[in-house]
Every structure is written in C-alpha cells, then in structure tokens.
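Student: Below is entry20.cif; it holds mmCIF, N, CA and C atoms.
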```cif
data_input
#
loop_
_atom_site.label_atom_id
_atom_site.label_comp_id
_atom_site.auth_asym_id
_atom_site.auth_seq_id
_atom_site.Cartn_x
_atom_site.Cartn_y
_atom_site.Cartn_z
N MET A 26 -10.92 -3.50 7.41
CA MET A 26 -10.12 -2.86 8.44
C MET A 26 -11.05 -2.23 9.47
N PHE A 27 -10.81 -2.50 10.72
CA PHE A 27 -11.63 -1.97 11.80
C PHE A 27 -11.02 -0.65 12.28
N VAL A 28 -11.84 0.37 12.34
CA VAL A 28 -11.39 1.69 12.77
C VAL A 28 -12.09 2.04 14.06
N THR A 29 -11.32 2.40 15.09
CA THR A 29 -11.89 2.75 16.38
C THR A 29 -12.59 4.11 16.33
N ASP A 30 -11.94 5.09 15.73
CA ASP A 30 -12.49 6.43 15.66
C ASP A 30 -12.72 6.79 14.18
N ALA A 31 -13.94 6.60 13.71
CA ALA A 31 -14.26 6.81 12.30
C ALA A 31 -14.12 8.27 11.89
N ILE A 32 -14.41 9.20 12.79
CA ILE A 32 -14.32 10.62 12.46
C ILE A 32 -12.87 11.03 12.31
N ALA A 33 -12.00 10.56 13.18
CA ALA A 33 -10.57 10.87 13.08
C ALA A 33 -9.99 10.30 11.79
N ASP A 34 -10.43 9.09 11.42
CA ASP A 34 -9.98 8.49 10.16
C ASP A 34 -10.45 9.32 8.97
N PHE A 35 -11.69 9.78 9.01
CA PHE A 35 -12.26 10.63 7.96
C PHE A 35 -11.46 11.92 7.80
N LEU A 36 -11.17 12.59 8.91
CA LEU A 36 -10.42 13.84 8.87
C LEU A 36 -8.99 13.62 8.39
N THR A 37 -8.37 12.53 8.83
CA THR A 37 -7.00 12.24 8.43
C THR A 37 -6.91 11.96 6.94
N ARG A 38 -7.86 11.23 6.40
CA ARG A 38 -7.85 10.95 4.96
C ARG A 38 -8.01 12.22 4.15
N ILE A 39 -8.87 13.11 4.58
CA ILE A 39 -9.04 14.38 3.88
C ILE A 39 -7.78 15.24 4.00
N ARG A 40 -7.22 15.30 5.19
CA ARG A 40 -6.00 16.09 5.42
C ARG A 40 -4.85 15.57 4.54
N ASN A 41 -4.67 14.25 4.49
CA ASN A 41 -3.60 13.68 3.68
C ASN A 41 -3.84 13.89 2.18
N ALA A 42 -5.09 13.79 1.75
CA ALA A 42 -5.40 13.97 0.34
C ALA A 42 -5.18 15.41 -0.11
N THR A 43 -5.48 16.38 0.74
CA THR A 43 -5.25 17.77 0.36
C THR A 43 -3.76 18.06 0.28
N ARG A 44 -2.99 17.49 1.17
CA ARG A 44 -1.54 17.70 1.14
C ARG A 44 -0.90 17.03 -0.07
N ALA A 45 -1.49 15.95 -0.56
CA ALA A 45 -0.99 15.26 -1.75
C ALA A 45 -1.61 15.82 -3.02
N ARG A 46 -2.49 16.83 -2.91
CA ARG A 46 -3.14 17.49 -4.02
C ARG A 46 -4.02 16.56 -4.86
N HIS A 47 -4.71 15.62 -4.19
CA HIS A 47 -5.64 14.74 -4.89
C HIS A 47 -6.93 15.50 -5.19
N LYS A 48 -7.62 15.10 -6.24
CA LYS A 48 -8.89 15.74 -6.59
C LYS A 48 -10.02 15.24 -5.71
N PHE A 49 -9.94 13.99 -5.30
CA PHE A 49 -10.98 13.42 -4.45
C PHE A 49 -10.34 12.38 -3.54
N VAL A 50 -11.11 11.97 -2.53
CA VAL A 50 -10.67 10.94 -1.60
C VAL A 50 -11.87 10.07 -1.25
N ASP A 51 -11.65 8.76 -1.17
CA ASP A 51 -12.70 7.83 -0.76
C ASP A 51 -12.56 7.55 0.73
N VAL A 52 -13.66 7.68 1.45
CA VAL A 52 -13.67 7.46 2.90
C VAL A 52 -14.83 6.52 3.25
N ASN A 53 -14.76 5.93 4.42
CA ASN A 53 -15.84 5.08 4.89
C ASN A 53 -17.07 5.95 5.17
N TRP A 54 -18.23 5.42 4.81
CA TRP A 54 -19.46 6.18 5.00
C TRP A 54 -20.06 5.89 6.37
N SER A 55 -20.52 6.91 7.01
CA SER A 55 -21.37 6.81 8.19
C SER A 55 -22.25 8.05 8.20
N LYS A 56 -23.30 8.01 8.97
CA LYS A 56 -24.20 9.18 9.03
C LYS A 56 -23.44 10.41 9.54
N MET A 57 -22.55 10.19 10.52
CA MET A 57 -21.80 11.31 11.07
C MET A 57 -20.80 11.87 10.06
N ASN A 58 -20.09 10.99 9.35
CA ASN A 58 -19.15 11.46 8.33
C ASN A 58 -19.88 12.22 7.23
N GLN A 59 -21.06 11.76 6.86
CA GLN A 59 -21.84 12.46 5.85
C GLN A 59 -22.30 13.83 6.37
N ALA A 60 -22.67 13.90 7.63
CA ALA A 60 -23.08 15.19 8.21
C ALA A 60 -21.91 16.17 8.26
N ILE A 61 -20.73 15.69 8.61
CA ILE A 61 -19.54 16.55 8.64
C ILE A 61 -19.21 17.02 7.23
N ALA A 62 -19.27 16.11 6.26
CA ALA A 62 -19.01 16.48 4.86
C ALA A 62 -20.01 17.50 4.37
N GLN A 63 -21.27 17.39 4.78
CA GLN A 63 -22.30 18.36 4.38
C GLN A 63 -21.99 19.74 4.97
N VAL A 64 -21.55 19.78 6.24
CA VAL A 64 -21.19 21.06 6.86
C VAL A 64 -20.00 21.67 6.13
N MET A 65 -19.01 20.84 5.78
CA MET A 65 -17.84 21.34 5.06
C MET A 65 -18.21 21.82 3.66
N LYS A 66 -19.15 21.16 3.02
CA LYS A 66 -19.61 21.58 1.69
C LYS A 66 -20.35 22.91 1.79
N ASP A 67 -21.24 23.03 2.78
CA ASP A 67 -22.00 24.27 2.96
C ASP A 67 -21.10 25.45 3.30
N SER A 68 -19.96 25.17 3.96
CA SER A 68 -19.02 26.23 4.34
C SER A 68 -18.02 26.54 3.24
N GLY A 69 -17.99 25.74 2.17
CA GLY A 69 -17.11 26.03 1.05
C GLY A 69 -15.75 25.36 1.12
N TYR A 70 -15.58 24.39 1.99
CA TYR A 70 -14.29 23.71 2.12
C TYR A 70 -14.19 22.49 1.21
N VAL A 71 -15.32 21.97 0.74
CA VAL A 71 -15.38 20.77 -0.09
C VAL A 71 -16.29 21.08 -1.28
N GLU A 72 -15.91 20.61 -2.47
CA GLU A 72 -16.74 20.82 -3.66
C GLU A 72 -18.07 20.08 -3.53
N GLN A 73 -17.98 18.76 -3.38
CA GLN A 73 -19.17 17.92 -3.26
C GLN A 73 -18.76 16.56 -2.71
N PHE A 74 -19.75 15.74 -2.41
CA PHE A 74 -19.48 14.37 -2.00
C PHE A 74 -20.58 13.48 -2.54
N ILE A 75 -20.21 12.23 -2.80
CA ILE A 75 -21.14 11.25 -3.36
C ILE A 75 -21.06 10.00 -2.51
N VAL A 76 -22.21 9.47 -2.12
CA VAL A 76 -22.27 8.22 -1.37
C VAL A 76 -22.52 7.09 -2.36
N LYS A 77 -21.68 6.08 -2.31
CA LYS A 77 -21.84 4.94 -3.21
C LYS A 77 -21.76 3.65 -2.40
N SER A 78 -22.47 2.65 -2.87
CA SER A 78 -22.53 1.38 -2.16
C SER A 78 -22.21 0.25 -3.12
N GLU A 79 -21.26 -0.60 -2.72
CA GLU A 79 -20.87 -1.75 -3.52
C GLU A 79 -20.79 -2.97 -2.61
N GLY A 80 -21.57 -3.97 -2.91
CA GLY A 80 -21.50 -5.22 -2.16
C GLY A 80 -21.83 -5.07 -0.68
N GLY A 81 -22.72 -4.18 -0.35
CA GLY A 81 -23.11 -4.00 1.04
C GLY A 81 -22.20 -3.07 1.83
N ILE A 82 -21.12 -2.59 1.22
CA ILE A 82 -20.20 -1.67 1.88
C ILE A 82 -20.39 -0.29 1.28
N SER A 83 -20.67 0.68 2.12
CA SER A 83 -20.90 2.04 1.64
C SER A 83 -19.64 2.87 1.80
N GLU A 84 -19.33 3.63 0.77
CA GLU A 84 -18.21 4.56 0.79
C GLU A 84 -18.70 5.92 0.36
N MET A 85 -17.92 6.92 0.68
CA MET A 85 -18.25 8.27 0.30
C MET A 85 -17.05 8.85 -0.42
N ARG A 86 -17.28 9.42 -1.59
CA ARG A 86 -16.20 10.06 -2.33
C ARG A 86 -16.35 11.56 -2.13
N VAL A 87 -15.32 12.17 -1.56
CA VAL A 87 -15.32 13.59 -1.25
C VAL A 87 -14.41 14.30 -2.25
N TYR A 88 -14.98 15.23 -3.00
CA TYR A 88 -14.21 16.00 -3.97
C TYR A 88 -13.68 17.25 -3.27
N LEU A 89 -12.38 17.42 -3.29
CA LEU A 89 -11.71 18.49 -2.56
C LEU A 89 -11.70 19.77 -3.37
N ARG A 90 -11.61 20.87 -2.68
CA ARG A 90 -11.66 22.18 -3.32
C ARG A 90 -10.29 22.84 -3.25
N TYR A 91 -9.90 23.48 -4.34
CA TYR A 91 -8.62 24.17 -4.42
C TYR A 91 -8.85 25.58 -4.93
N SER A 92 -7.95 26.48 -4.57
CA SER A 92 -8.02 27.85 -5.07
C SER A 92 -6.70 28.17 -5.77
N LYS A 93 -6.74 29.09 -6.70
CA LYS A 93 -5.54 29.43 -7.46
C LYS A 93 -4.75 30.50 -6.72
N ASP A 94 -3.47 30.23 -6.52
CA ASP A 94 -2.57 31.21 -5.89
C ASP A 94 -2.11 32.18 -6.97
N LYS A 95 -2.40 33.45 -6.77
CA LYS A 95 -2.11 34.45 -7.80
C LYS A 95 -0.61 34.70 -7.95
N ARG A 96 0.13 34.57 -6.86
CA ARG A 96 1.57 34.84 -6.93
C ARG A 96 2.33 33.75 -7.67
N THR A 97 2.08 32.50 -7.32
CA THR A 97 2.84 31.39 -7.91
C THR A 97 2.10 30.70 -9.04
N ASN A 98 0.86 31.09 -9.29
CA ASN A 98 0.04 30.50 -10.35
C ASN A 98 -0.14 28.99 -10.17
N SER A 99 -0.22 28.54 -8.92
CA SER A 99 -0.44 27.13 -8.63
C SER A 99 -1.72 26.98 -7.83
N MET A 100 -2.14 25.74 -7.65
CA MET A 100 -3.37 25.46 -6.91
C MET A 100 -3.04 25.23 -5.44
N LYS A 101 -3.77 25.92 -4.56
CA LYS A 101 -3.61 25.75 -3.11
C LYS A 101 -4.88 25.10 -2.56
N PRO A 102 -4.75 24.14 -1.64
CA PRO A 102 -5.96 23.56 -1.04
C PRO A 102 -6.68 24.58 -0.17
N VAL A 103 -8.00 24.55 -0.22
CA VAL A 103 -8.80 25.43 0.62
C VAL A 103 -8.68 24.99 2.08
N ILE A 104 -8.60 23.68 2.29
CA ILE A 104 -8.44 23.14 3.65
C ILE A 104 -6.96 23.18 4.00
N ARG A 105 -6.60 24.02 4.95
CA ARG A 105 -5.21 24.09 5.40
C ARG A 105 -4.92 23.01 6.43
N ASP A 106 -5.86 22.81 7.36
CA ASP A 106 -5.68 21.81 8.40
C ASP A 106 -7.03 21.44 8.99
N LEU A 107 -7.13 20.22 9.46
CA LEU A 107 -8.30 19.72 10.18
C LEU A 107 -7.81 19.08 11.46
N GLN A 108 -8.45 19.39 12.57
CA GLN A 108 -8.05 18.82 13.85
C GLN A 108 -9.27 18.26 14.56
N ARG A 109 -9.10 17.08 15.13
CA ARG A 109 -10.15 16.43 15.91
C ARG A 109 -10.10 17.02 17.31
N ILE A 110 -11.22 17.44 17.83
CA ILE A 110 -11.29 18.01 19.18
C ILE A 110 -11.81 16.97 20.15
N SER A 111 -13.02 16.50 19.94
CA SER A 111 -13.63 15.51 20.81
C SER A 111 -13.27 14.12 20.30
N SER A 112 -12.88 13.25 21.20
CA SER A 112 -12.50 11.89 20.81
C SER A 112 -13.33 10.90 21.63
N PRO A 113 -13.32 9.62 21.27
CA PRO A 113 -14.10 8.66 22.04
C PRO A 113 -13.69 8.57 23.51
N GLY A 114 -12.44 8.83 23.82
CA GLY A 114 -11.98 8.77 25.20
C GLY A 114 -12.11 10.08 25.95
N ARG A 115 -12.34 11.17 25.22
CA ARG A 115 -12.43 12.48 25.85
C ARG A 115 -13.41 13.35 25.07
N ARG A 116 -14.64 13.33 25.48
CA ARG A 116 -15.67 14.12 24.81
C ARG A 116 -15.58 15.56 25.28
N MET A 117 -15.74 16.49 24.32
CA MET A 117 -15.70 17.92 24.62
C MET A 117 -17.06 18.52 24.27
N TYR A 118 -17.75 19.02 25.28
CA TYR A 118 -19.05 19.64 25.07
C TYR A 118 -18.92 21.13 25.37
N VAL A 119 -19.58 21.94 24.57
CA VAL A 119 -19.55 23.39 24.78
C VAL A 119 -20.96 23.93 24.68
N GLY A 120 -21.21 24.97 25.43
CA GLY A 120 -22.48 25.68 25.32
C GLY A 120 -22.37 26.73 24.22
N TYR A 121 -23.48 27.30 23.85
CA TYR A 121 -23.44 28.27 22.76
C TYR A 121 -22.69 29.53 23.17
N GLU A 122 -22.63 29.83 24.47
CA GLU A 122 -21.89 31.01 24.93
C GLU A 122 -20.39 30.82 24.79
N ASN A 123 -19.91 29.59 24.91
CA ASN A 123 -18.48 29.29 24.89
C ASN A 123 -18.02 28.68 23.57
N MET A 124 -18.81 28.83 22.52
CA MET A 124 -18.45 28.27 21.22
C MET A 124 -17.20 28.97 20.71
N PRO A 125 -16.15 28.21 20.35
CA PRO A 125 -14.90 28.86 19.92
C PRO A 125 -15.01 29.46 18.53
N LYS A 126 -14.29 30.55 18.33
CA LYS A 126 -14.16 31.15 17.01
C LYS A 126 -12.80 30.72 16.48
N ILE A 127 -12.79 30.03 15.36
CA ILE A 127 -11.56 29.51 14.79
C ILE A 127 -10.96 30.57 13.87
N PHE A 128 -9.74 30.98 14.15
CA PHE A 128 -9.04 32.02 13.40
C PHE A 128 -9.90 33.25 13.21
N ASN A 129 -10.51 33.68 14.30
CA ASN A 129 -11.32 34.89 14.31
C ASN A 129 -12.47 34.83 13.31
N GLY A 130 -13.04 33.65 13.13
CA GLY A 130 -14.17 33.49 12.23
C GLY A 130 -13.79 33.05 10.83
N MET A 131 -12.50 32.90 10.54
CA MET A 131 -12.07 32.48 9.20
C MET A 131 -12.13 30.96 9.03
N GLY A 132 -12.14 30.21 10.12
CA GLY A 132 -12.24 28.76 10.06
C GLY A 132 -13.61 28.31 10.56
N ILE A 133 -13.80 26.99 10.65
CA ILE A 133 -15.07 26.48 11.15
C ILE A 133 -14.83 25.48 12.27
N ALA A 134 -15.77 25.44 13.17
CA ALA A 134 -15.84 24.40 14.19
C ALA A 134 -17.09 23.60 13.90
N VAL A 135 -16.97 22.28 13.83
CA VAL A 135 -18.12 21.42 13.54
C VAL A 135 -18.66 20.90 14.87
N VAL A 136 -19.95 21.13 15.11
CA VAL A 136 -20.60 20.80 16.37
C VAL A 136 -21.81 19.93 16.08
N THR A 137 -21.99 18.88 16.90
CA THR A 137 -23.23 18.11 16.81
C THR A 137 -24.15 18.57 17.93
N THR A 138 -25.34 18.94 17.55
CA THR A 138 -26.32 19.41 18.52
C THR A 138 -27.56 18.52 18.41
N SER A 139 -28.56 18.83 19.20
CA SER A 139 -29.81 18.10 19.10
C SER A 139 -30.53 18.40 17.79
N GLN A 140 -30.12 19.47 17.11
CA GLN A 140 -30.70 19.84 15.83
C GLN A 140 -29.87 19.34 14.65
N GLY A 141 -28.82 18.56 14.91
CA GLY A 141 -27.97 18.03 13.85
C GLY A 141 -26.60 18.65 13.87
N ALA A 142 -25.76 18.25 12.91
CA ALA A 142 -24.40 18.79 12.81
C ALA A 142 -24.45 20.15 12.13
N MET A 143 -23.65 21.09 12.63
CA MET A 143 -23.61 22.44 12.09
C MET A 143 -22.30 23.11 12.48
N THR A 144 -22.05 24.27 11.92
CA THR A 144 -20.87 25.03 12.29
C THR A 144 -21.07 25.67 13.66
N GLY A 145 -19.98 26.07 14.27
CA GLY A 145 -20.06 26.73 15.56
C GLY A 145 -20.80 28.05 15.49
N THR A 146 -20.63 28.78 14.40
CA THR A 146 -21.32 30.05 14.21
C THR A 146 -22.83 29.85 14.14
N GLU A 147 -23.24 28.83 13.40
CA GLU A 147 -24.67 28.54 13.28
C GLU A 147 -25.25 28.09 14.62
N ALA A 148 -24.48 27.29 15.37
CA ALA A 148 -24.94 26.84 16.68
C ALA A 148 -25.08 28.03 17.64
N ARG A 149 -24.16 28.97 17.54
CA ARG A 149 -24.22 30.17 18.39
C ARG A 149 -25.46 30.99 18.05
N GLN A 150 -25.78 31.10 16.76
CA GLN A 150 -26.96 31.86 16.34
C GLN A 150 -28.26 31.19 16.77
N ARG A 151 -28.26 29.85 16.81
CA ARG A 151 -29.46 29.11 17.21
C ARG A 151 -29.53 28.89 18.72
N ASN A 152 -28.56 29.41 19.47
CA ASN A 152 -28.49 29.22 20.92
C ASN A 152 -28.50 27.74 21.28
N SER A 153 -27.66 26.98 20.61
CA SER A 153 -27.62 25.54 20.81
C SER A 153 -26.18 25.09 21.01
N GLY A 154 -25.92 24.39 22.10
CA GLY A 154 -24.60 23.84 22.37
C GLY A 154 -24.56 22.38 22.01
N GLY A 155 -23.39 21.76 22.11
CA GLY A 155 -23.29 20.35 21.80
C GLY A 155 -21.85 19.87 21.85
N GLU A 156 -21.60 18.74 21.20
CA GLU A 156 -20.26 18.15 21.19
C GLU A 156 -19.42 18.80 20.09
N LEU A 157 -18.27 19.31 20.45
CA LEU A 157 -17.36 19.95 19.52
C LEU A 157 -16.51 18.87 18.86
N LEU A 158 -16.85 18.50 17.63
CA LEU A 158 -16.18 17.40 16.95
C LEU A 158 -14.80 17.75 16.43
N CYS A 159 -14.73 18.80 15.60
CA CYS A 159 -13.45 19.13 14.96
C CYS A 159 -13.44 20.59 14.59
N LYS A 160 -12.26 21.05 14.20
CA LYS A 160 -12.12 22.40 13.68
C LYS A 160 -11.25 22.36 12.43
N GLY A 161 -11.53 23.28 11.54
CA GLY A 161 -10.79 23.32 10.28
C GLY A 161 -10.62 24.74 9.83
N TRP A 162 -9.54 24.95 9.07
CA TRP A 162 -9.28 26.25 8.50
C TRP A 162 -8.49 26.09 7.22
#
```
What does this structure look like when you write it as structure tokens?
Tutor:
Amino acid sequence: MFVTDAIADFLTRIRNATRARHKFVDVNWSKMNQAIAQVMKDSGYVEQFIVKSEGGISEMRVYLRYSKDKRTNSMKPVIRDLQRISSPGRRMYVGYENMPKIFNGMGIAVVTTSQGAMTGTEARQRNSGGELLCKGW
C-alpha cells in the first residue's frame, strides 16, 4: 500500500490503537517515524518501540502506554490525541521564540530541527527552530 503522508499514517495508527485499547501497534518504519517514536518514548507517551525487518520490509512495533484511572479502576491511554500540524502540502516552520506550548506545557509538540527531532520545549531551550510536525497530549 502506497502512503502519501507517512507521518500522518503513523499518527493515525497510534491514535486508533489507543482508542481501541490495543497494547501495541505495527506501523511502517522510516527514519522520521522512528525519531517521532523516540521523542514520544522520551516524553513518556509510549512504553517502547522495536524495529523489525522481514523480507526487505521494515516495520516498527510501538508499545502503547496506559495509566490506571483511580475512580473507575480501568486503564486510560496516556495519549489522548495526536494531531498533524505540518503536512506535505503545507509546511509549518516556527522559530524558537514562537514555539507553541501545548496545554500549557502538559502536552508535547514534535519539531524537526537541524539537530534532529525533539520536543518543542527542548527546541526552545536549545534556541533552535524548525518544522512543527505534530502535537500530542
């Protein structure tokens, strides 16, 4: 299957898997998807991810993270929502001064800079702007 926007497909698969309460989701591997998964893992939104290759096709298995709701004693996904900001037809670039704060710092913005993919907070601390890929909370 040919996908025009691999990052949007990656985010959609994770969003759908969390809503269906799956433990993990398999997504197409790319360097950018792996970088986004690493940022999400470092921020605590994903447990871990594993890159596997079968027959020349690489996939990435992303293990999702859940927290226990004390009131209802059920499992709630840590990822409430993921939204794509920059798309292939409309790139969104921001400087470090204009880096958005998602839910007053409770969410993350994933930014690609010349130093690699990182959260918006980290990019602001390093005085580095770049392409605003997505936001999650």
Student: Give me the residues within 7 Å of Thr138 of chain A as an MDAnalysis selection string, counting only N, CA and C atoms and dropping any in the same chain fewer than 2 places off.
Tutor: chainID A and resid 136 140:143 153:156
Student: Mind giving me the straight-line distance from atom C of Arg151 of chain A to atom CA of Leu107 of chain A in Å, one decimal?
Tutor: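 Result for atom C of Arg151 of chain A versus atom CA of Leu107 of chain A: 24.7 Å, one decimal.
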Student: Can you list, as a list of chain:residue names, every residue of segment 30-96 of chain A that DSSP puts in strand (DSSP E or B)?
Tutor: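 Taking segment 30-96 of chain A and keeping strand (DSSP E or B) only, one gets A:Phe49, A:Val50, A:Asp51, A:Val52, A:Asn53, A:Val71, A:Glu72, A:Gln73, A:Phe74, A:Ile75, A:Val76, A:Lys77, A:Ser78, A:Glu79, A:Ile82, A:Ser83, A:Glu84, A:Met85, A:Arg86, A:Val87, A:Tyr88, A:Leu89, A:Tyr91, A:Ser92, A:Lys93.
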Student: Keeping only N, CA and C atoms, take the residues you just selected and write them out as an mmCIF file, in the frame of the given file.
Tutor:
```
data_model
loop_
_atom_site.group_PDB
_atom_site.id
_atom_site.type_symbol
_atom_site.label_atom_id
_atom_site.label_comp_id
_atom_site.auth_asym_id
_atom_site.auth_seq_id
_atom_site.Cartn_x
_atom_site.Cartn_y
_atom_site.Cartn_z
ATOM 1 N N PHE A 49 -9.940 13.990 -5.300
ATOM 2 C CA PHE A 49 -10.980 13.420 -4.450
ATOM 3 C C PHE A 49 -10.340 12.380 -3.540
ATOM 4 N N VAL A 50 -11.110 11.970 -2.530
ATOM 5 C CA VAL A 50 -10.670 10.940 -1.600
ATOM 6 C C VAL A 50 -11.870 10.070 -1.250
ATOM 7 N N ASP A 51 -11.650 8.760 -1.170
ATOM 8 C CA ASP A 51 -12.700 7.830 -0.760
ATOM 9 C C ASP A 51 -12.560 7.550 0.730
ATOM 10 N N VAL A 52 -13.660 7.680 1.450
ATOM 11 C CA VAL A 52 -13.670 7.460 2.900
ATOM 12 C C VAL A 52 -14.830 6.520 3.250
ATOM 13 N N ASN A 53 -14.760 5.930 4.420
ATOM 14 C CA ASN A 53 -15.840 5.080 4.890
ATOM 15 C C ASN A 53 -17.070 5.950 5.170
ATOM 16 N N VAL A 71 -15.320 21.970 0.740
ATOM 17 C CA VAL A 71 -15.380 20.770 -0.090
ATOM 18 C C VAL A 71 -16.290 21.080 -1.280
ATOM 19 N N GLU A 72 -15.910 20.610 -2.470
ATOM 20 C CA GLU A 72 -16.740 20.820 -3.660
ATOM 21 C C GLU A 72 -18.070 20.080 -3.530
ATOM 22 N N GLN A 73 -17.980 18.760 -3.380
ATOM 23 C CA GLN A 73 -19.170 17.920 -3.260
ATOM 24 C C GLN A 73 -18.760 16.560 -2.710
ATOM 25 N N PHE A 74 -19.750 15.740 -2.410
ATOM 26 C CA PHE A 74 -19.480 14.370 -2.000
ATOM 27 C C PHE A 74 -20.580 13.480 -2.540
ATOM 28 N N ILE A 75 -20.210 12.230 -2.800
ATOM 29 C CA ILE A 75 -21.140 11.250 -3.360
ATOM 30 C C ILE A 75 -21.060 10.000 -2.510
ATOM 31 N N VAL A 76 -22.210 9.470 -2.120
ATOM 32 C CA VAL A 76 -22.270 8.220 -1.370
ATOM 33 C C VAL A 76 -22.520 7.090 -2.360
ATOM 34 N N LYS A 77 -21.680 6.080 -2.310
ATOM 35 C CA LYS A 77 -21.840 4.940 -3.210
ATOM 36 C C LYS A 77 -21.760 3.650 -2.400
ATOM 37 N N SER A 78 -22.470 2.650 -2.870
ATOM 38 C CA SER A 78 -22.530 1.380 -2.160
ATOM 39 C C SER A 78 -22.210 0.250 -3.120
ATOM 40 N N GLU A 79 -21.260 -0.600 -2.720
ATOM 41 C CA GLU A 79 -20.870 -1.750 -3.520
ATOM 42 C C GLU A 79 -20.790 -2.970 -2.610
ATOM 43 N N ILE A 82 -21.120 -2.590 1.220
ATOM 44 C CA ILE A 82 -20.200 -1.670 1.880
ATOM 45 C C ILE A 82 -20.390 -0.290 1.280
ATOM 46 N N SER A 83 -20.670 0.680 2.120
ATOM 47 C CA SER A 83 -20.900 2.040 1.640
ATOM 48 C C SER A 83 -19.640 2.870 1.800
ATOM 49 N N GLU A 84 -19.330 3.630 0.770
ATOM 50 C CA GLU A 84 -18.210 4.560 0.790
ATOM 51 C C GLU A 84 -18.700 5.920 0.360
ATOM 52 N N MET A 85 -17.920 6.920 0.680
ATOM 53 C CA MET A 85 -18.250 8.270 0.300
ATOM 54 C C MET A 85 -17.050 8.850 -0.420
ATOM 55 N N ARG A 86 -17.280 9.420 -1.590
ATOM 56 C CA ARG A 86 -16.200 10.060 -2.330
ATOM 57 C C ARG A 86 -16.350 11.560 -2.130
ATOM 58 N N VAL A 87 -15.320 12.170 -1.560
ATOM 59 C CA VAL A 87 -15.320 13.590 -1.250
ATOM 60 C C VAL A 87 -14.410 14.300 -2.250
ATOM 61 N N TYR A 88 -14.980 15.230 -3.000
ATOM 62 C CA TYR A 88 -14.210 16.000 -3.970
ATOM 63 C C TYR A 88 -13.680 17.250 -3.270
ATOM 64 N N LEU A 89 -12.380 17.420 -3.290
ATOM 65 C CA LEU A 89 -11.710 18.490 -2.560
ATOM 66 C C LEU A 89 -11.700 19.770 -3.370
ATOM 67 N N TYR A 91 -9.900 23.480 -4.340
ATOM 68 C CA TYR A 91 -8.620 24.170 -4.420
ATOM 69 C C TYR A 91 -8.850 25.580 -4.930
ATOM 70 N N SER A 92 -7.950 26.480 -4.570
ATOM 71 C CA SER A 92 -8.020 27.850 -5.070
ATOM 72 C C SER A 92 -6.700 28.170 -5.770
ATOM 73 N N LYS A 93 -6.740 29.090 -6.700
ATOM 74 C CA LYS A 93 -5.540 29.430 -7.460
ATOM 75 C C LYS A 93 -4.750 30.500 -6.720
#
```
Student: Select, from A:Asn129, A:Thr146, A:Thr43, A:Asn123, the residue with the minimum atom-to-atom distance to Pro102 of chain A, counting only C-alpha atoms.
Tutor: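 Closest candidate: A:Thr43.
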Student: At a cut-off of 7 Å, using only C-alpha atoms, what residues contact segment 53-70 of chain A? Leave out same-chain residues fewer than 6 positions from it and give the result as number ranges by chain.
Tutor: A: 32, 35, 83-85, 90, 103-104, 142-144
Student: Step one, run DSSP on the backbone; step two, keep only residues of chain A assigned to helix (DSSP H, G or I); then write them as a VMD selection string.
Tutor: chain A and resid 31 to 44 56 to 68 121 to 123 127 to 130 145 to 150
Student: Just say which residues the PyMOL selection byres (((chain A and resi 89 and name CA) around 12) and name CA) picks in this file, as a PyMOL selection string.
Tutor: chain A and resi 38-51+62+65-66+69-75+86-88+90-92+100-105
Student: In Å to one decimal, how far is atom CA of Gln108 of chain A from atom CA of Ala31 of chain A?
Tutor: 13.6 Å
Student: Could you please determine the separation between atom CA of Val28 of chain A and atom CA of Pro113 of chain A in Å, to one decimal place?
Tutor: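 The value is 11.9 Å.
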Student: If we count only N, CA and C atoms and set the cut-off at 8 Å, which residues sit around Phe128 of chain A, ignoring sequence neighbours fewer than 4 positions away in its own chain? Please answer as a compact mmCIF listing (two decimals) with N, CA and C atoms, in the coordinates of the input.
Tutor:
```
# COMPACT_ATOMS: atom_id res chain seq x y z
N GLY A 132 -12.14 30.21 10.12
CA GLY A 132 -12.24 28.76 10.06
C GLY A 132 -13.61 28.31 10.56
N ILE A 133 -13.80 26.99 10.65
CA ILE A 133 -15.07 26.48 11.15
C ILE A 133 -14.83 25.48 12.27
N GLY A 161 -11.53 23.28 11.54
CA GLY A 161 -10.79 23.32 10.28
C GLY A 161 -10.62 24.74 9.83
N TRP A 162 -9.54 24.95 9.07
CA TRP A 162 -9.28 26.25 8.50
C TRP A 162 -8.49 26.09 7.22
```
